[in-house]
Each structure stands twice: as structure tokens, then as C-alpha cells.
>>> print(open('work04.cif').read())   # mmCIF, C-alpha atoms
data_my_file
loop_
_atom_site.label_atom_id
_atom_site.label_comp_id
_atom_site.auth_asym_id
_atom_site.auth_seq_id
_atom_site.Cartn_x
_atom_site.Cartn_y
_atom_site.Cartn_z
CA MET A 1 -109.44 -51.68 -154.23
CA GLY A 2 -107.48 -52.87 -157.24
CA TRP A 3 -107.82 -49.67 -159.21
CA LEU A 4 -106.45 -47.66 -156.31
CA ALA A 5 -103.09 -49.37 -156.68
CA ASP A 6 -102.77 -47.73 -160.10
CA TYR A 7 -103.00 -44.29 -158.58
CA PRO A 8 -100.73 -44.35 -155.55
CA LEU A 9 -100.99 -40.61 -155.00
CA ALA A 10 -104.78 -40.70 -155.02
CA ALA A 11 -104.71 -43.69 -152.70
CA ALA A 12 -102.46 -41.87 -150.26
CA VAL A 13 -104.58 -38.74 -150.25
CA LEU A 14 -107.78 -40.75 -149.94
CA ALA A 15 -106.42 -42.86 -147.11
CA LEU A 16 -105.25 -39.86 -145.12
CA VAL A 17 -108.49 -37.97 -145.70
CA ALA A 18 -110.50 -41.04 -144.72
CA LEU A 19 -108.41 -41.56 -141.60
CA GLY A 20 -108.80 -37.92 -140.66
CA GLY A 21 -112.52 -38.07 -141.31
CA VAL A 22 -113.03 -41.21 -139.24
CA PHE A 23 -110.95 -39.89 -136.37
CA GLY A 24 -112.68 -36.52 -136.54
CA ALA A 25 -116.07 -38.22 -136.40
CA LEU A 26 -114.88 -40.33 -133.48
CA LEU A 27 -113.71 -37.29 -131.56
CA GLY A 28 -116.88 -35.41 -132.41
CA PHE A 29 -118.95 -38.30 -131.17
CA ALA A 30 -116.84 -38.57 -128.03
CA ALA A 31 -117.22 -34.86 -127.37
CA GLU A 32 -121.02 -35.30 -127.45
CA ARG A 33 -121.10 -38.62 -125.64
CA PHE A 34 -118.69 -37.66 -122.87
CA ARG A 35 -119.78 -34.08 -122.50
CA THR A 36 -119.39 -32.94 -118.93
CA GLU A 37 -122.11 -30.77 -117.57
CA GLY A 38 -120.35 -27.87 -115.99
CA ASN A 39 -122.02 -26.06 -113.16
CA PRO A 40 -124.19 -23.54 -115.06
CA ILE A 41 -123.99 -20.95 -112.30
CA VAL A 42 -120.19 -21.06 -112.56
CA ASP A 43 -120.46 -20.32 -116.27
CA GLN A 44 -122.78 -17.40 -115.60
CA ILE A 45 -120.47 -15.95 -112.95
CA ASN A 46 -117.49 -16.52 -115.22
CA ALA A 47 -119.26 -14.64 -118.00
CA ILE A 48 -119.53 -11.56 -115.77
CA LEU A 49 -115.89 -11.61 -114.66
CA PRO A 50 -113.60 -9.54 -116.87
CA GLN A 51 -111.37 -12.48 -117.93
CA THR A 52 -108.20 -10.55 -117.24
CA GLN A 53 -106.86 -13.64 -115.39
CA CYS A 54 -104.94 -11.23 -113.21
CA GLY A 55 -105.20 -13.28 -110.03
CA GLN A 56 -105.77 -10.21 -107.82
CA CYS A 57 -108.74 -12.00 -106.27
CA GLY A 58 -106.38 -14.59 -104.82
CA TYR A 59 -107.42 -17.34 -107.21
CA PRO A 60 -105.34 -18.46 -110.20
CA GLY A 61 -107.76 -17.07 -112.76
CA CYS A 62 -111.28 -15.92 -113.44
CA ARG A 63 -112.82 -19.36 -113.68
CA PRO A 64 -111.38 -20.63 -110.37
CA TYR A 65 -112.67 -17.45 -108.76
CA ALA A 66 -116.09 -18.08 -110.32
CA GLU A 67 -116.04 -21.62 -108.91
CA ALA A 68 -115.08 -20.29 -105.49
CA ILE A 69 -117.94 -17.79 -105.56
CA ALA A 70 -120.35 -20.53 -106.59
CA ALA A 71 -119.10 -22.76 -103.79
CA GLY A 72 -119.52 -19.94 -101.30
CA ASP A 73 -115.80 -19.76 -100.52
CA ALA A 74 -115.23 -16.28 -101.88
CA GLU A 75 -116.91 -12.91 -101.57
CA ILE A 76 -118.15 -11.16 -104.68
CA ASN A 77 -116.05 -8.05 -104.02
CA GLN A 78 -112.55 -9.35 -104.76
CA CYS A 79 -112.29 -8.41 -108.41
CA PRO A 80 -110.65 -4.99 -108.96
CA PRO A 81 -110.74 -5.06 -112.79
CA GLY A 82 -114.46 -5.80 -112.71
CA GLY A 83 -114.97 -2.82 -110.43
CA GLU A 84 -118.24 -1.65 -108.96
CA ALA A 85 -120.12 -2.57 -112.11
CA GLY A 86 -118.92 -6.15 -111.91
CA ILE A 87 -119.84 -6.43 -108.24
CA GLN A 88 -123.27 -5.03 -109.00
CA ALA A 89 -123.79 -7.56 -111.79
CA LEU A 90 -122.67 -10.42 -109.55
CA ALA A 91 -124.97 -9.21 -106.78
CA ASP A 92 -127.89 -9.13 -109.20
CA LEU A 93 -127.09 -12.60 -110.50
CA LEU A 94 -126.66 -14.17 -107.08
CA ASP A 95 -129.38 -12.09 -105.45
CA VAL A 96 -127.17 -10.81 -102.64
CA GLU A 97 -126.36 -7.34 -101.37
CA PRO A 98 -123.60 -5.60 -103.34
CA LYS A 99 -120.57 -4.66 -101.24
CA PRO A 100 -117.78 -2.15 -101.82
CA LEU A 101 -114.65 -3.50 -103.44
CA ASP A 102 -112.38 -5.23 -100.94
CA ALA A 103 -109.31 -2.96 -100.77
CA GLU A 104 -107.17 -5.93 -99.80
CA HIS A 105 -107.33 -7.14 -103.39
CA GLY A 106 -106.54 -3.84 -105.03
CA GLU A 107 -108.28 -0.72 -106.24
CA GLU A 108 -110.39 -0.24 -109.26
CA ALA A 109 -108.39 1.43 -112.00
CA PRO A 110 -110.12 4.68 -112.84
CA VAL A 111 -111.63 4.63 -116.26
CA LYS A 112 -109.66 6.95 -118.46
CA SER A 113 -111.80 9.81 -119.62
CA ILE A 114 -111.06 12.85 -121.70
CA ALA A 115 -112.55 16.30 -121.73
CA TYR A 116 -115.02 17.34 -124.36
CA ILE A 117 -116.09 20.92 -124.93
CA ARG A 118 -119.65 21.41 -126.17
CA GLU A 119 -118.51 23.83 -128.77
CA ASP A 120 -121.69 25.76 -129.47
CA GLU A 121 -121.95 26.66 -125.76
CA CYS A 122 -118.33 27.81 -125.48
CA ILE A 123 -118.00 31.57 -125.02
CA GLY A 124 -114.25 31.67 -125.65
CA CYS A 125 -113.13 32.83 -122.19
CA THR A 126 -109.79 30.93 -122.35
CA LYS A 127 -110.07 30.00 -118.66
CA CYS A 128 -109.86 26.32 -119.45
CA ILE A 129 -106.79 26.90 -121.61
CA GLN A 130 -105.00 28.44 -118.66
CA ALA A 131 -106.06 25.58 -116.42
CA CYS A 132 -104.93 22.84 -118.77
CA PRO A 133 -101.56 21.48 -117.59
CA VAL A 134 -100.68 19.81 -120.88
CA ASP A 135 -101.84 22.46 -123.39
CA ALA A 136 -104.40 20.11 -124.80
CA ILE A 137 -107.01 22.82 -125.37
CA LEU A 138 -106.89 24.86 -128.52
CA GLY A 139 -108.58 28.24 -128.92
CA ALA A 140 -108.28 31.98 -128.52
CA ALA A 141 -110.19 34.76 -126.76
CA LYS A 142 -113.78 35.02 -128.05
CA GLN A 143 -113.10 32.04 -130.27
CA MET A 144 -114.59 28.65 -129.71
CA HIS A 145 -112.21 26.20 -127.92
CA THR A 146 -111.73 22.53 -128.45
CA VAL A 147 -109.79 19.66 -126.91
CA ILE A 148 -106.99 17.76 -128.65
CA THR A 149 -108.07 14.29 -127.63
CA SER A 150 -104.69 12.70 -128.12
CA GLU A 151 -103.12 15.19 -125.67
CA CYS A 152 -105.79 15.21 -122.98
CA THR A 153 -104.81 13.28 -119.86
CA GLY A 154 -108.26 13.34 -118.31
CA CYS A 155 -107.19 15.33 -115.25
CA ASP A 156 -110.51 17.27 -115.26
CA LEU A 157 -108.79 20.47 -114.10
CA CYS A 158 -110.55 22.34 -116.91
CA VAL A 159 -114.05 21.43 -115.77
CA GLU A 160 -114.05 23.61 -112.68
CA PRO A 161 -112.99 26.99 -114.18
CA CYS A 162 -115.47 26.90 -117.07
CA PRO A 163 -118.05 29.64 -116.38
CA VAL A 164 -120.74 28.07 -118.57
CA ASP A 165 -120.13 24.43 -117.62
CA CYS A 166 -119.76 23.33 -121.19
CA ILE A 167 -117.00 20.76 -120.55
CA ASP A 168 -117.88 17.10 -120.09
CA MET A 169 -115.56 14.29 -119.08
CA ILE A 170 -116.30 11.43 -121.44
CA PRO A 171 -115.02 7.98 -120.46
CA GLN A 172 -112.84 6.40 -123.10
CA ALA A 173 -112.55 2.72 -123.83
CA GLU A 174 -108.93 1.66 -123.75
CA THR A 175 -107.62 0.71 -127.15
CA LEU A 176 -104.23 -0.40 -128.37
CA LYS A 177 -103.50 3.19 -129.42
CA THR A 178 -104.33 4.74 -126.05
CA TRP A 179 -102.77 2.15 -123.77
CA HIS A 180 -99.75 3.21 -121.75
CA TRP A 181 -97.57 1.43 -119.27
CA PRO A 182 -99.05 1.97 -115.84
CA LEU A 183 -97.06 4.32 -113.69
CA PRO A 184 -94.91 2.57 -111.09
CA ASP A 185 -96.51 2.27 -107.69
CA PRO A 186 -94.34 4.38 -105.36
CA ALA A 187 -95.33 2.26 -102.35
CA ALA A 188 -94.23 -0.97 -104.01
CA GLY A 189 -90.59 0.03 -104.31
CA ARG A 190 -90.29 1.31 -100.77
CA VAL A 191 -88.54 -1.17 -98.57
CA GLU A 192 -88.46 -0.63 -94.87
CA VAL A 193 -84.85 -1.07 -93.95
CA ILE A 194 -84.87 0.90 -90.74
CA ALA A 195 -86.39 -0.69 -87.70
CA THR A 196 -89.07 1.46 -86.23
CA ASP A 197 -91.59 1.24 -83.45
CA ARG A 198 -93.95 3.52 -85.33
CA LEU A 199 -97.25 1.91 -86.22
CA ARG A 200 -97.37 0.93 -89.86
CA ASP A 201 -99.72 3.51 -91.20
CA ARG A 202 -99.66 2.23 -94.73
CA ALA A 203 -100.58 -1.30 -93.84
CA ALA A 204 -104.20 -0.58 -94.52
CA MET B 205 -94.84 -68.59 -125.31
CA LEU B 206 -95.03 -66.99 -121.88
CA ALA B 207 -91.25 -66.87 -121.71
CA GLU B 208 -91.15 -65.05 -125.03
CA TYR B 209 -93.58 -62.39 -123.81
CA SER B 210 -91.81 -61.89 -120.51
CA VAL B 211 -88.49 -61.48 -122.33
CA LEU B 212 -90.11 -58.85 -124.54
CA LEU B 213 -91.47 -57.05 -121.49
CA ILE B 214 -88.20 -57.13 -119.52
CA GLY B 215 -86.36 -56.08 -122.64
CA ALA B 216 -88.59 -53.05 -123.13
CA ILE B 217 -88.53 -52.05 -119.46
CA LEU B 218 -84.87 -52.48 -118.54
CA VAL B 219 -82.53 -53.59 -121.30
CA ASN B 220 -83.74 -51.31 -124.07
CA ASN B 221 -85.15 -48.71 -121.75
CA PHE B 222 -86.63 -46.02 -123.95
CA VAL B 223 -85.26 -43.07 -122.02
CA LEU B 224 -81.86 -44.15 -120.78
CA VAL B 225 -80.80 -46.55 -123.52
CA GLN B 226 -82.65 -45.41 -126.64
CA PHE B 227 -82.81 -41.72 -125.60
CA LEU B 228 -86.44 -41.25 -126.57
CA GLY B 229 -88.86 -39.13 -124.57
CA LEU B 230 -86.11 -37.03 -123.02
CA CYS B 231 -88.10 -33.81 -122.84
CA PRO B 232 -90.66 -34.99 -120.27
CA PHE B 233 -87.82 -36.86 -118.56
CA MET B 234 -85.98 -33.59 -117.93
CA GLY B 235 -89.02 -31.36 -117.81
CA VAL B 236 -91.45 -33.08 -115.44
CA SER B 237 -88.98 -34.61 -113.02
CA ASN B 238 -88.64 -31.73 -110.59
CA LYS B 239 -91.24 -33.10 -108.21
CA LEU B 240 -92.02 -36.72 -107.43
CA GLU B 241 -95.75 -36.04 -107.44
CA THR B 242 -95.86 -34.58 -110.94
CA ALA B 243 -93.55 -37.35 -112.16
CA MET B 244 -96.06 -39.91 -110.92
CA GLY B 245 -98.92 -38.14 -112.70
CA MET B 246 -96.95 -37.98 -115.92
CA SER B 247 -96.00 -41.66 -115.60
CA LEU B 248 -99.59 -42.76 -115.15
CA ALA B 249 -100.83 -40.72 -118.10
CA THR B 250 -97.98 -41.88 -120.34
CA THR B 251 -98.48 -45.54 -119.48
CA PHE B 252 -102.12 -45.33 -120.38
CA VAL B 253 -101.65 -43.45 -123.64
CA LEU B 254 -98.56 -45.35 -124.78
CA THR B 255 -100.24 -48.74 -124.44
CA LEU B 256 -103.37 -47.57 -126.21
CA ALA B 257 -101.42 -45.78 -128.95
CA ALA B 258 -99.21 -48.82 -129.60
CA ALA B 259 -102.28 -51.02 -130.06
CA SER B 260 -104.24 -48.60 -132.23
CA SER B 261 -101.32 -47.69 -134.45
CA TYR B 262 -100.73 -51.42 -135.00
CA LEU B 263 -104.34 -51.75 -136.11
CA VAL B 264 -104.16 -48.73 -138.40
CA TYR B 265 -100.96 -49.95 -140.03
CA ASN B 266 -101.97 -53.56 -140.54
CA PHE B 267 -105.59 -53.07 -141.57
CA ILE B 268 -105.47 -49.78 -143.48
CA LEU B 269 -102.00 -48.75 -144.61
CA GLU B 270 -100.47 -52.13 -145.38
CA PRO B 271 -103.34 -53.51 -147.58
CA LEU B 272 -103.32 -50.27 -149.60
CA GLY B 273 -99.55 -50.37 -150.01
CA LEU B 274 -99.20 -47.08 -148.14
CA GLY B 275 -96.61 -48.17 -145.60
CA TYR B 276 -94.61 -45.00 -146.23
CA LEU B 277 -97.43 -42.95 -144.71
CA ARG B 278 -96.98 -44.57 -141.32
CA THR B 279 -95.20 -41.70 -139.59
CA ILE B 280 -97.85 -39.11 -140.40
CA SER B 281 -100.66 -41.57 -139.74
CA PHE B 282 -99.24 -42.52 -136.37
CA ILE B 283 -98.95 -38.88 -135.37
CA LEU B 284 -102.62 -38.55 -136.21
CA VAL B 285 -103.48 -41.70 -134.28
CA ILE B 286 -101.55 -40.57 -131.21
CA ALA B 287 -103.15 -37.14 -131.22
CA VAL B 288 -106.59 -38.71 -131.46
CA VAL B 289 -105.87 -41.25 -128.72
CA VAL B 290 -104.67 -38.49 -126.42
CA GLN B 291 -107.73 -36.33 -127.09
CA PHE B 292 -110.08 -39.25 -126.72
CA THR B 293 -108.44 -40.35 -123.47
CA GLU B 294 -108.74 -36.86 -122.08
CA MET B 295 -112.46 -36.72 -122.83
CA VAL B 296 -113.15 -40.14 -121.34
CA VAL B 297 -111.10 -39.46 -118.23
CA ARG B 298 -112.73 -36.08 -117.71
CA LYS B 299 -116.15 -37.68 -117.84
CA SER B 300 -115.48 -40.87 -115.93
CA SER B 301 -113.08 -39.72 -113.25
CA PRO B 302 -112.79 -36.01 -112.46
CA LEU B 303 -110.27 -36.85 -109.75
CA LEU B 304 -107.95 -38.64 -112.15
CA HIS B 305 -108.46 -35.80 -114.61
CA ARG B 306 -107.26 -33.34 -112.02
CA VAL B 307 -104.17 -35.46 -111.37
CA LEU B 308 -103.34 -36.13 -115.03
CA GLY B 309 -104.94 -32.97 -116.41
CA VAL B 310 -102.00 -30.95 -117.70
CA TYR B 311 -99.86 -33.93 -118.61
CA LEU B 312 -102.27 -35.59 -121.01
CA PRO B 313 -101.92 -33.06 -123.86
CA LEU B 314 -98.15 -32.98 -123.31
CA ILE B 315 -97.92 -36.65 -124.25
CA THR B 316 -98.85 -35.88 -127.85
CA THR B 317 -95.36 -34.53 -128.32
CA ASN B 318 -93.59 -37.31 -126.44
CA CYS B 319 -91.37 -38.94 -129.05
CA ALA B 320 -91.29 -42.23 -127.13
CA VAL B 321 -94.94 -42.75 -128.09
CA LEU B 322 -94.23 -42.36 -131.80
CA GLY B 323 -91.01 -44.35 -131.35
CA VAL B 324 -92.86 -47.35 -129.93
CA ALA B 325 -95.40 -47.30 -132.74
CA LEU B 326 -92.68 -47.19 -135.41
CA LEU B 327 -90.48 -49.78 -133.70
CA ASN B 328 -93.44 -52.15 -133.50
CA ILE B 329 -93.66 -52.04 -137.30
CA ASN B 330 -89.90 -52.40 -137.80
CA LYS B 331 -89.68 -55.39 -135.47
CA GLU B 332 -92.76 -56.97 -137.08
CA HIS B 333 -94.55 -57.52 -133.80
CA ASP B 334 -98.01 -59.07 -133.80
CA PHE B 335 -100.90 -57.40 -131.97
CA LEU B 336 -100.24 -58.83 -128.52
CA GLN B 337 -96.53 -58.20 -128.84
CA SER B 338 -97.18 -54.59 -129.88
CA LEU B 339 -99.43 -54.10 -126.89
CA LEU B 340 -96.86 -55.59 -124.52
CA TYR B 341 -94.00 -53.66 -126.09
CA GLY B 342 -95.93 -50.42 -125.65
CA PHE B 343 -96.79 -51.28 -122.07
CA GLY B 344 -93.21 -52.29 -121.32
CA ALA B 345 -91.84 -49.08 -122.82
CA ALA B 346 -94.28 -47.08 -120.71
CA VAL B 347 -93.38 -48.95 -117.52
CA GLY B 348 -89.70 -48.39 -118.25
CA PHE B 349 -90.35 -44.68 -118.86
CA SER B 350 -92.31 -44.44 -115.62
CA LEU B 351 -89.63 -46.27 -113.68
CA VAL B 352 -86.78 -44.01 -114.68
CA LEU B 353 -88.91 -40.88 -114.47
CA VAL B 354 -89.90 -41.63 -110.88
CA LEU B 355 -86.35 -42.65 -109.93
CA PHE B 356 -84.94 -39.53 -111.53
CA ALA B 357 -87.53 -37.29 -109.86
CA ALA B 358 -86.69 -38.79 -106.49
CA MET B 359 -83.02 -38.07 -107.08
CA ARG B 360 -83.65 -34.53 -108.22
CA GLU B 361 -85.64 -33.87 -105.07
CA ARG B 362 -82.54 -34.83 -103.10
CA LEU B 363 -80.31 -32.82 -105.42
CA ALA B 364 -82.41 -29.73 -104.82
CA VAL B 365 -81.21 -29.58 -101.22
CA ALA B 366 -77.71 -30.89 -101.86
CA ASP B 367 -74.70 -28.59 -101.78
CA VAL B 368 -74.01 -28.53 -105.52
CA PRO B 369 -71.13 -26.32 -106.74
CA GLN B 370 -72.48 -23.14 -108.30
CA PRO B 371 -71.56 -23.87 -111.96
CA PHE B 372 -73.27 -27.26 -111.78
CA ALA B 373 -76.44 -26.20 -110.00
CA GLY B 374 -79.81 -26.64 -111.66
CA PRO B 375 -80.21 -28.41 -115.01
CA ALA B 376 -76.48 -29.11 -115.34
CA ILE B 377 -76.36 -31.50 -112.41
CA GLY B 378 -79.65 -32.97 -113.70
CA MET B 379 -77.98 -33.81 -117.01
CA ILE B 380 -74.99 -35.35 -115.25
CA THR B 381 -77.28 -37.43 -113.06
CA ALA B 382 -79.20 -38.61 -116.10
CA GLY B 383 -75.92 -39.62 -117.75
CA LEU B 384 -74.86 -41.59 -114.69
CA MET B 385 -78.27 -43.30 -114.59
CA SER B 386 -77.87 -44.16 -118.25
CA LEU B 387 -74.48 -45.72 -117.48
CA ALA B 388 -76.06 -47.71 -114.69
CA PHE B 389 -78.74 -49.00 -117.05
CA MET B 390 -76.03 -50.29 -119.37
CA GLY B 391 -75.55 -52.94 -116.68
CA PHE B 392 -78.74 -54.60 -117.85
CA ALA B 393 -77.34 -55.06 -121.34
CA GLY B 394 -76.62 -58.79 -121.10
CA LEU B 395 -79.85 -59.67 -119.33
CA VAL B 396 -81.83 -61.03 -122.26
#
>>> encode(input="work04.cif", output="C-alpha cells")
Amino acid sequence: MGWLADYPLAAAVLALVALGGVFGALLGFAAERFRTEGNPIVDQINAILPQTQCGQCGYPGCRPYAEAIAAGDAEINQCPPGGEAGIQALADLLDVEPKPLDAEHGEEAPVKSIAYIREDECIGCTKCIQACPVDAILGAAKQMHTVITSECTGCDLCVEPCPVDCIDMIPQAETLKTWHWPLPDPAAGRVEVIATDRLRDRAA
Amino acid sequence: MLAEYSVLLIGAILVNNFVLVQFLGLCPFMGVSNKLETAMGMSLATTFVLTLAAASSYLVYNFILEPLGLGYLRTISFILVIAVVVQFTEMVVRKSSPLLHRVLGVYLPLITTNCAVLGVALLNINKEHDFLQSLLYGFGAAVGFSLVLVLFAAMRERLAVADVPQPFAGPAIGMITAGLMSLAFMGFAGLV
């Protein structure tokens, strides 16, 4: 140790690195030694859930919901972001009958899709251009048409008028570029201030 | 001998109370004192970690830093020690007692940033305590912290339903209460 005293900087660096190394090894050992076996079925259920942590299922996050499903406290149809596909996957995993999404917990957000014109089948009738409410279709009579993807809102109004059925609605994954604030829910802002004996028709 | 240790303990708990006299560990004192239940959880976790951290930082200082002449590295080393002790404690508690882990759960990682823990470790070096004294000093500091945290939480639960004037409501009245408590703890000053 004597030579270390001649190099105080080296001693300091060495000591800190050694301390860090020893403590790291200790923690690594502890992580192995005291590993807790989680419930594997919970992990599998949790892997299917969309990890939005939205809490619409009534639990504080996806993992608590997964634990509740595993414990038999919750139904598999309480996850709106997971949608029908998620329910189907859970039903397959747990070997139970799939059920429709429980409306009490919210509705599945429709997947945003945009129109796509199969261009070599397009006859240039311009009917879809007239139908498009946002002028997202480009083209002229007897000329091939195409869709401006950044303008298309996915309303599928153009699919119906096409005489040759050459328009497909293609689902789009949501990216940072295509994300928009969700529109406000008109029902949420409505407050019933007037007493009424009418049955609440929107309760369902 | 026994008298000396009890004086040290009483001194750490009441006379030099870490929160109200030395003003260390104020953030959990204000932050986790809204409900008595959470205050108890925080107190338990802090007591455990503080005692353990005081002992292990004593060992690190006296057997590693001091022989190498690296005493000036104590602050950064103690931060490392405390972080490791907290992590280690969390792992052990999670394995050995899931119930306790659920009670302490969120509070354990918070303790890493509790300056009272680092304060105890550094004060132990400054006051040249031996191992047993360090352990007792850490334990005493933790008991003192727990005591005032629980007392303060109990008071804030009452304050929540009291008719506090609008400008003083919320954290403001909490600060005033803490100041009054601190004044009250000055009464212990001549005890040892």
C-alpha cells in the first residue's frame, strides 16, 4: 500500500472504482440471491396488455389489472386500448371464451386508416374526388387518381362511390407525426343542471 | 459506560433532533406528513436504513478511506454506501416480507435522497464516534426523525379539518406548525 501514497490521485480513483465494484457485485449477488419469483401467468397477461397504464379498466395500471385477472377478480374485457385483439389474445392464453369489450370501461378507439387507390385499376371517373370532404384526392377526368395521405382523414366516404372498387382503407399505425389531440367528448362537458323526471337515456 | 450511551441516544433523539434542531431531512418531513399512516411507513423505513447506513459508512471510512489517506472522499463514498444500503434493503425486504415491502415500498427509494442519512454518516466522522457510538447515533437520529414525523403528521391531520384562514391554508400553516414545533424542541436544550 505504501506506493499508493505517492500517487494520491491514482489511490483515490482506485479506491472509488474498487468500492463501486464491490458494491456492484454485492447488489448483483443480492439480485440473484433474493430474486422473487413473480407469478408467471401475471407476466404473460401483462405482456399482452398494451401498457398504456390508462387505468380505464379500473385498476391503477396494466400490471395490477394483470394481477387481478390472474386472481380471478377481473374480467378479460375491461381494456379498451387493447381492443378486441387484446381480448382475443387473453382468451387464448387463459383458455376462456372471448367476450365483447365491456362498454362500462370505454370504447375501443377506431384504428386510423387512410384510403389507398389501386392506381392501375382506376378509370379516372372523378366520383371519389367529389365525395372527398377534405380534397385529399388528386386527379382529373380520365386520369389516374391518387390520395394525399397526409390529408386523408380516413372517413371512407370515397369507397362507396367508386364504380370499380379500387379503393382500400389501409389501417395506419399511429406515429408521432400523425398523432392529434383527441376531439373533446361532447357528452363529458354536458352537465345536467335542470332537474328532470325523464329517464337518463345516456346512462348506458 | 451505559450512562454515556444513553446520553448519546437522548441527545440524538431530543436535544439535537435532526429535523427540528439541525434542520436535516426536511423534505420528507414536509412531504410525507400528510397522513399518519404514510408517516409511520416512512419512519419505519428510515429507521432501518439510517441505522444500517451509519454503521456501514463507519466501516467504509475507518477500514478503507482512512488507511489510504482518502478522508476527503468521504462524502461521495457515503452517498454510494447509502444508495447501496437502500437498494440492498429493498431487495431483502421484498424477498423476506412482501407485506412489509408493500408498506414501505415507495418510501425506501426516497430515503436515498434524505439528507439526514448523509448527515448522520458525516457527523459520526466529525465527532469521532466509535462503531457502537455510530450505530447508536444513527439509531437515535432515526428515532428522533420518526418521532417528529409522526407527531407532525398527527397535527397536520387535525389541521386539514381546522378552519384555517385562506392565505395560510395548506403548506403555509404546515411551515408555521413546524416552526412552532421547532421552538418547542428548543426546550430540551439543557437536558444533557
>>> closest_atom_pairs(input="work04.cif", of="chain B", to="chain A", cutoff="9 Å", atoms="only C-alpha atoms", output="Markdown table")
| residue | atom | partner | partner_atom | distance |
| --- | --- | --- | --- | --- |
| B:Val264 | CA | A:Leu19 | CA | 8.9 |
| B:Ile268 | CA | A:Ala15 | CA | 7.9 |
| B:Leu269 | CA | A:Ala15 | CA | 7.8 |
| B:Leu272 | CA | A:Ala5 | CA | 7.1 |
| B:Gly273 | CA | A:Ala5 | CA | 7.6 |
| B:Leu274 | CA | A:Ala12 | CA | 6.5 |
| B:Leu277 | CA | A:Ala12 | CA | 7.6 |
| B:Ile280 | CA | A:Leu16 | CA | 8.8 |
| B:Ser281 | CA | A:Leu16 | CA | 7.3 |
| B:Leu284 | CA | A:Gly20 | CA | 7.6 |
| B:Val285 | CA | A:Phe23 | CA | 8.0 |
| B:Val288 | CA | A:Phe23 | CA | 6.7 |
| B:Gln291 | CA | A:Leu27 | CA | 7.5 |
| B:Phe292 | CA | A:Leu27 | CA | 6.4 |
| B:Met295 | CA | A:Phe34 | CA | 6.3 |
| B:Val296 | CA | A:Phe34 | CA | 6.3 |
| B:Arg298 | CA | A:Thr36 | CA | 7.5 |
| B:Lys299 | CA | A:Phe34 | CA | 5.6 |
| B:Ser300 | CA | A:Phe34 | CA | 8.3 |
>>> resolve_selection(input="work04.cif", expression="the PyMOL selection byres ((chain B and resi 216) around 10)", output="VMD selection string")
chain B and resid 210 to 215 217 to 222 324 340 to 349
>>> resolve_selection(input="work04.cif", expression="the PyMOL selection byres ((chain A and resi 85-92) around 12)", output="PyMOL selection string")
chain A and resi 41-42+44-51+66+69-70+75-84+93-102+108+111
>>> resolve_selection(input="work04.cif", expression="the PyMOL selection byres ((chain B and resi 363) around 10)", output="PyMOL selection string")
chain B and resi 238+357-362+364-368+373-374+377-378+381
>>> atom_distance(input="work04.cif", atom1="CA of Gln172 (chain A)", atom2="CA of Ile114 (chain A)")
6.8 Å
>>> residues_near_point(input="work04.cif", point="(-80.5, -41.6, -121.0)", cutoff="8 Å", atoms="all atoms listed in the file", output="MDAnalysis selection string")
chainID B and resid 223:227 230 382:383 385:386
>>> atom_distance(input="work04.cif", atom1="CA of Ala141 (chain A)", atom2="CA of Thr126 (chain A)")
5.9 Å
>>> atom_distance(input="work04.cif", atom1="CA of Gly245 (chain B)", atom2="CA of Arg278 (chain B)")
29.4 Å
>>> decode(input="work04.cif", residues="region 61-74 of chain A", atoms="N, CA and C atoms", output="mmCIF file, in the first residue's frame")
data_model
loop_
_atom_site.group_PDB
_atom_site.id
_atom_site.type_symbol
_atom_site.label_atom_id
_atom_site.label_comp_id
_atom_site.auth_asym_id
_atom_site.auth_seq_id
_atom_site.Cartn_x
_atom_site.Cartn_y
_atom_site.Cartn_z
ATOM 1 N N GLY A 61 -53.096 0.421 -13.160
ATOM 2 C CA GLY A 61 -52.133 0.270 -14.246
ATOM 3 C C GLY A 61 -52.310 -1.093 -14.866
ATOM 4 N N CYS A 62 -51.460 -1.381 -15.860
ATOM 5 C CA CYS A 62 -51.626 -2.645 -16.570
ATOM 6 C C CYS A 62 -51.267 -3.840 -15.687
ATOM 7 N N ARG A 63 -50.199 -3.709 -14.918
ATOM 8 C CA ARG A 63 -49.782 -4.849 -14.110
ATOM 9 C C ARG A 63 -50.806 -5.189 -13.014
ATOM 10 N N PRO A 64 -51.329 -4.177 -12.291
ATOM 11 C CA PRO A 64 -52.376 -4.517 -11.320
ATOM 12 C C PRO A 64 -53.583 -5.183 -11.979
ATOM 13 N N TYR A 65 -53.926 -4.741 -13.189
ATOM 14 C CA TYR A 65 -55.034 -5.369 -13.897
ATOM 15 C C TYR A 65 -54.688 -6.818 -14.227
ATOM 16 N N ALA A 66 -53.434 -7.041 -14.660
ATOM 17 C CA ALA A 66 -52.984 -8.401 -14.963
ATOM 18 C C ALA A 66 -53.072 -9.271 -13.713
ATOM 19 N N GLU A 67 -52.685 -8.722 -12.572
ATOM 20 C CA GLU A 67 -52.756 -9.486 -11.320
ATOM 21 C C GLU A 67 -54.204 -9.807 -10.971
ATOM 22 N N ALA A 68 -55.092 -8.810 -11.221
ATOM 23 C CA ALA A 68 -56.500 -9.034 -10.909
ATOM 24 C C ALA A 68 -57.090 -10.106 -11.811
ATOM 25 N N ILE A 69 -56.684 -10.102 -13.084
ATOM 26 C CA ILE A 69 -57.179 -11.154 -13.989
ATOM 27 C C ILE A 69 -56.692 -12.521 -13.505
ATOM 28 N N ALA A 70 -55.407 -12.567 -13.136
ATOM 29 C CA ALA A 70 -54.832 -13.840 -12.711
ATOM 30 C C ALA A 70 -55.504 -14.339 -11.440
ATOM 31 N N ALA A 71 -55.893 -13.402 -10.565
ATOM 32 C CA ALA A 71 -56.539 -13.797 -9.319
ATOM 33 C C ALA A 71 -58.018 -14.096 -9.520
ATOM 34 N N GLY A 72 -58.524 -13.835 -10.725
ATOM 35 C CA GLY A 72 -59.933 -14.103 -10.988
ATOM 36 C C GLY A 72 -60.857 -12.990 -10.547
ATOM 37 N N ASP A 73 -60.285 -11.820 -10.195
ATOM 38 C CA ASP A 73 -61.119 -10.719 -9.723
ATOM 39 C C ASP A 73 -61.665 -9.860 -10.862
ATOM 40 N N ALA A 74 -61.030 -9.954 -12.022
ATOM 41 C CA ALA A 74 -61.432 -9.066 -13.107
ATOM 42 C C ALA A 74 -61.743 -9.884 -14.349
#
